[in-house]
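Peer 1: One file is attached below, input26.tsv, containing TSV, C-alpha atoms.
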chain	number	residue	atom	x	y	z
A	30	MET	CA	-29.89	190.89	87.23
A	31	SER	CA	-31.97	190.86	90.41
A	32	THR	CA	-33.34	187.69	91.93
A	33	HIS	CA	-36.65	187.69	93.78
A	34	ASP	CA	-38.56	185.08	95.74
A	35	ALA	CA	-41.98	186.38	94.77
A	36	VAL	CA	-43.70	188.82	92.46
A	37	ILE	CA	-46.52	190.68	94.20
A	38	ILE	CA	-49.07	192.25	91.88
A	39	GLY	CA	-50.38	195.49	93.37
A	40	GLY	CA	-48.68	197.92	95.73
A	41	GLY	CA	-51.75	198.83	97.76
A	42	PRO	CA	-52.16	198.02	101.45
A	43	ALA	CA	-52.50	194.25	100.95
A	44	GLY	CA	-49.55	193.89	98.58
A	45	SER	CA	-47.21	196.14	100.54
A	46	THR	CA	-48.13	194.52	103.87
A	47	PHE	CA	-47.50	191.05	102.42
A	48	ALA	CA	-44.17	192.25	101.01
A	49	ARG	CA	-43.18	193.65	104.40
A	50	GLN	CA	-43.91	190.31	106.05
A	51	MET	CA	-41.85	188.51	103.40
A	52	VAL	CA	-38.90	190.88	103.88
A	53	ARG	CA	-39.06	190.36	107.66
A	54	ALA	CA	-38.89	186.60	107.07
A	55	GLY	CA	-35.83	186.97	104.84
A	56	GLY	CA	-37.62	186.97	101.50
A	57	ARG	CA	-36.87	189.18	98.50
A	58	PRO	CA	-40.19	190.19	96.96
A	59	VAL	CA	-40.73	192.61	94.12
A	60	ILE	CA	-43.97	194.57	93.79
A	61	LEU	CA	-45.44	195.41	90.41
A	62	ASP	CA	-48.16	198.02	90.06
A	63	ARG	CA	-49.30	199.82	86.95
A	64	ALA	CA	-49.53	203.11	88.86
A	65	HIS	CA	-46.64	205.34	89.87
A	66	PHE	CA	-46.69	206.10	93.61
A	67	PRO	CA	-47.90	208.28	95.18
A	68	ARG	CA	-50.98	207.50	93.14
A	69	VAL	CA	-54.32	209.24	93.14
A	70	LYS	CA	-56.74	206.98	95.01
A	71	LEU	CA	-60.07	208.54	95.86
A	72	CYS	CA	-61.66	205.65	97.72
A	73	ALA	CA	-61.28	204.72	101.38
A	74	GLY	CA	-60.66	208.05	103.06
A	75	TRP	CA	-60.74	206.33	106.42
A	76	ILE	CA	-59.39	203.24	108.14
A	77	SER	CA	-60.54	201.42	111.27
A	78	PRO	CA	-58.49	200.34	114.30
A	79	PRO	CA	-58.42	196.69	113.08
A	80	VAL	CA	-56.79	197.91	109.84
A	81	LEU	CA	-54.11	199.66	111.90
A	82	GLU	CA	-53.41	196.39	113.68
A	83	ALA	CA	-53.31	194.40	110.44
A	84	VAL	CA	-50.77	196.72	108.81
A	85	GLU	CA	-48.93	197.32	112.12
A	86	LEU	CA	-49.17	201.09	111.82
A	87	ASP	CA	-47.46	203.17	114.50
A	88	LEU	CA	-49.94	206.04	114.89
A	89	GLU	CA	-47.49	208.52	116.36
A	90	ALA	CA	-44.84	207.88	113.71
A	91	TYR	CA	-47.39	208.04	110.89
A	92	ARG	CA	-49.06	211.26	112.04
A	93	GLN	CA	-45.73	213.10	112.07
A	94	ASP	CA	-45.85	213.65	108.31
A	95	HIS	CA	-49.24	212.30	107.19
A	96	THR	CA	-52.93	213.08	107.57
A	97	LEU	CA	-54.54	211.11	110.39
A	98	GLN	CA	-57.80	212.44	111.84
A	99	GLU	CA	-59.54	210.60	114.68
A	100	PHE	CA	-63.30	210.05	114.53
A	101	ARG	CA	-65.25	209.28	117.69
A	102	GLY	CA	-68.72	209.68	116.27
A	103	PHE	CA	-70.88	210.42	113.28
A	104	ASN	CA	-74.32	211.72	112.35
A	105	ILE	CA	-77.11	209.44	111.18
A	106	TRP	CA	-80.24	210.62	109.41
A	107	ARG	CA	-82.64	209.80	106.64
A	108	LEU	CA	-84.55	212.09	104.34
A	109	GLY	CA	-87.41	213.63	106.26
A	110	GLY	CA	-86.19	212.10	109.52
A	111	ARG	CA	-84.40	213.52	112.49
A	112	GLU	CA	-80.63	213.59	112.82
A	113	VAL	CA	-79.00	211.46	115.52
A	114	LEU	CA	-75.42	211.78	116.74
A	115	ALA	CA	-73.68	208.47	117.46
A	116	GLU	CA	-70.80	209.17	119.86
A	117	TYR	CA	-68.23	206.74	121.24
A	118	ASP	CA	-65.70	206.94	124.07
A	119	ARG	CA	-62.96	205.62	121.77
A	120	THR	CA	-61.69	206.25	118.26
A	121	ILE	CA	-63.76	204.24	115.80
A	122	SER	CA	-62.10	205.38	112.60
A	123	TYR	CA	-59.23	207.47	111.27
A	124	GLY	CA	-59.44	209.86	108.35
A	125	ILE	CA	-56.52	209.44	105.94
A	126	VAL	CA	-55.39	210.59	102.53
A	127	ARG	CA	-55.28	207.31	100.64
A	128	SER	CA	-52.37	208.31	98.37
A	129	GLU	CA	-50.26	209.11	101.47
A	130	PHE	CA	-51.25	205.88	103.21
A	131	ASP	CA	-50.50	203.62	100.24
A	132	GLU	CA	-47.14	205.24	99.54
A	133	TYR	CA	-46.14	205.05	103.21
A	134	LEU	CA	-46.93	201.33	103.38
A	135	LEU	CA	-45.16	200.65	100.09
A	136	ARG	CA	-41.98	202.51	101.08
A	137	ARG	CA	-42.01	200.89	104.51
A	138	SER	CA	-42.30	197.39	103.02
A	139	GLY	CA	-38.66	197.16	102.01
A	140	ALA	CA	-39.59	195.51	98.69
Here is a file; write its structure as structure tokens.

Peer 2:
Amino acid sequence: MSTHDAVIIGGGPAGSTFARQMVRAGGRPVILDRAHFPRVKLCAGWISPPVLEAVELDLEAYRQDHTLQEFRGFNIWRLGGREVLAEYDRTISYGIVRSEFDEYLLRRSGA
């Protein structure tokens, strides 16, 4: 029989990041999720730099085997209006495959 300090419901980014922090602090969490990972997750095909900081993602390590596309701009327009390109001198977002991202964070958590 296994003993755990906490049961975390949901293996997405929040649950797996919390589990990782618990493991680092000496805890023994278990994560329960109704889905089998890697799961199909169509939402959130991008993440911002603050998300990378929050989940402590090493960009170079992650991009070795996972999709990570840098965005430094985007187009803005409205129906009947003109198109405007918004460009930045830094990366403002990263394109990801959500199923890859979630599974990576879950496996990395140690839970």

Peer 1: Given 5 Å of margin on each side, can you work out the centre and size in Å (one decimal) of an axis-aligned box holding every listed atom of region 49-60 of chain A, as JSON?

Peer 2:
{"center_x": -39.9, "center_y": 190.6, "center_z": 100.7, "size_x": 18.1, "size_y": 18.0, "size_z": 23.9}

Peer 1: Rounded to one decimal in Å, what is the spacing between CA of Glu99 (chain A) and CA of Arg127 (chain A)?

Peer 2: 15.0 Å

Peer 1: Give me the residues within 12 Å of region 60-67 of chain A as a PyMOL selection string, counting only C-alpha atoms and dropping any in the same chain fewer than 2 places off.

Peer 2: chain A and resi 33-49+51-52+57-58+69-70+126-136+138-140

Peer 1: Residues near Ser122 (chain A), anyone? I mean within 12 Å using all atoms listed in the file, not counting same-chain ones fewer than 4 positions away, as a list in words.

Peer 2: Ala73, Gly74, Trp75, Ile76, Ser77, Pro78, Pro79, Val80, Leu81, Leu97, Gln98, Glu99, Phe100, Arg101, Gly102, Phe103, Glu116 and Tyr117 of chain A

Peer 1: Please produce a file of those selected residues containing C-alpha atoms, as a PDB file, keeping the file's coordinate frame.

Peer 2:
ATOM      1  CA  ALA A  73     -61.280 204.720 101.380  1.00  0.00           C
ATOM      2  CA  GLY A  74     -60.660 208.050 103.060  1.00  0.00           C
ATOM      3  CA  TRP A  75     -60.740 206.330 106.420  1.00  0.00           C
ATOM      4  CA  ILE A  76     -59.390 203.240 108.140  1.00  0.00           C
ATOM      5  CA  SER A  77     -60.540 201.420 111.270  1.00  0.00           C
ATOM      6  CA  PRO A  78     -58.490 200.340 114.300  1.00  0.00           C
ATOM      7  CA  PRO A  79     -58.420 196.690 113.080  1.00  0.00           C
ATOM      8  CA  VAL A  80     -56.790 197.910 109.840  1.00  0.00           C
ATOM      9  CA  LEU A  81     -54.110 199.660 111.900  1.00  0.00           C
ATOM     10  CA  LEU A  97     -54.540 211.110 110.390  1.00  0.00           C
ATOM     11  CA  GLN A  98     -57.800 212.440 111.840  1.00  0.00           C
ATOM     12  CA  GLU A  99     -59.540 210.600 114.680  1.00  0.00           C
ATOM     13  CA  PHE A 100     -63.300 210.050 114.530  1.00  0.00           C
ATOM     14  CA  ARG A 101     -65.250 209.280 117.690  1.00  0.00           C
ATOM     15  CA  GLY A 102     -68.720 209.680 116.270  1.00  0.00           C
ATOM     16  CA  PHE A 103     -70.880 210.420 113.280  1.00  0.00           C
ATOM     17  CA  GLU A 116     -70.800 209.170 119.860  1.00  0.00           C
ATOM     18  CA  TYR A 117     -68.230 206.740 121.240  1.00  0.00           C
TER      19      TYR A 117
END

Peer 1: Mind pulling up the distance from CA of Gln50 (chain A) to CA of Gly124 (chain A)?

Peer 2: 25.1 Å

Peer 1: What gap, in Å, lies between CA of Glu89 (chain A) and CA of Arg119 (chain A)?

Peer 2: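 Between CA of Glu89 (chain A) and CA of Arg119 (chain A) the gap is 16.6 Å.
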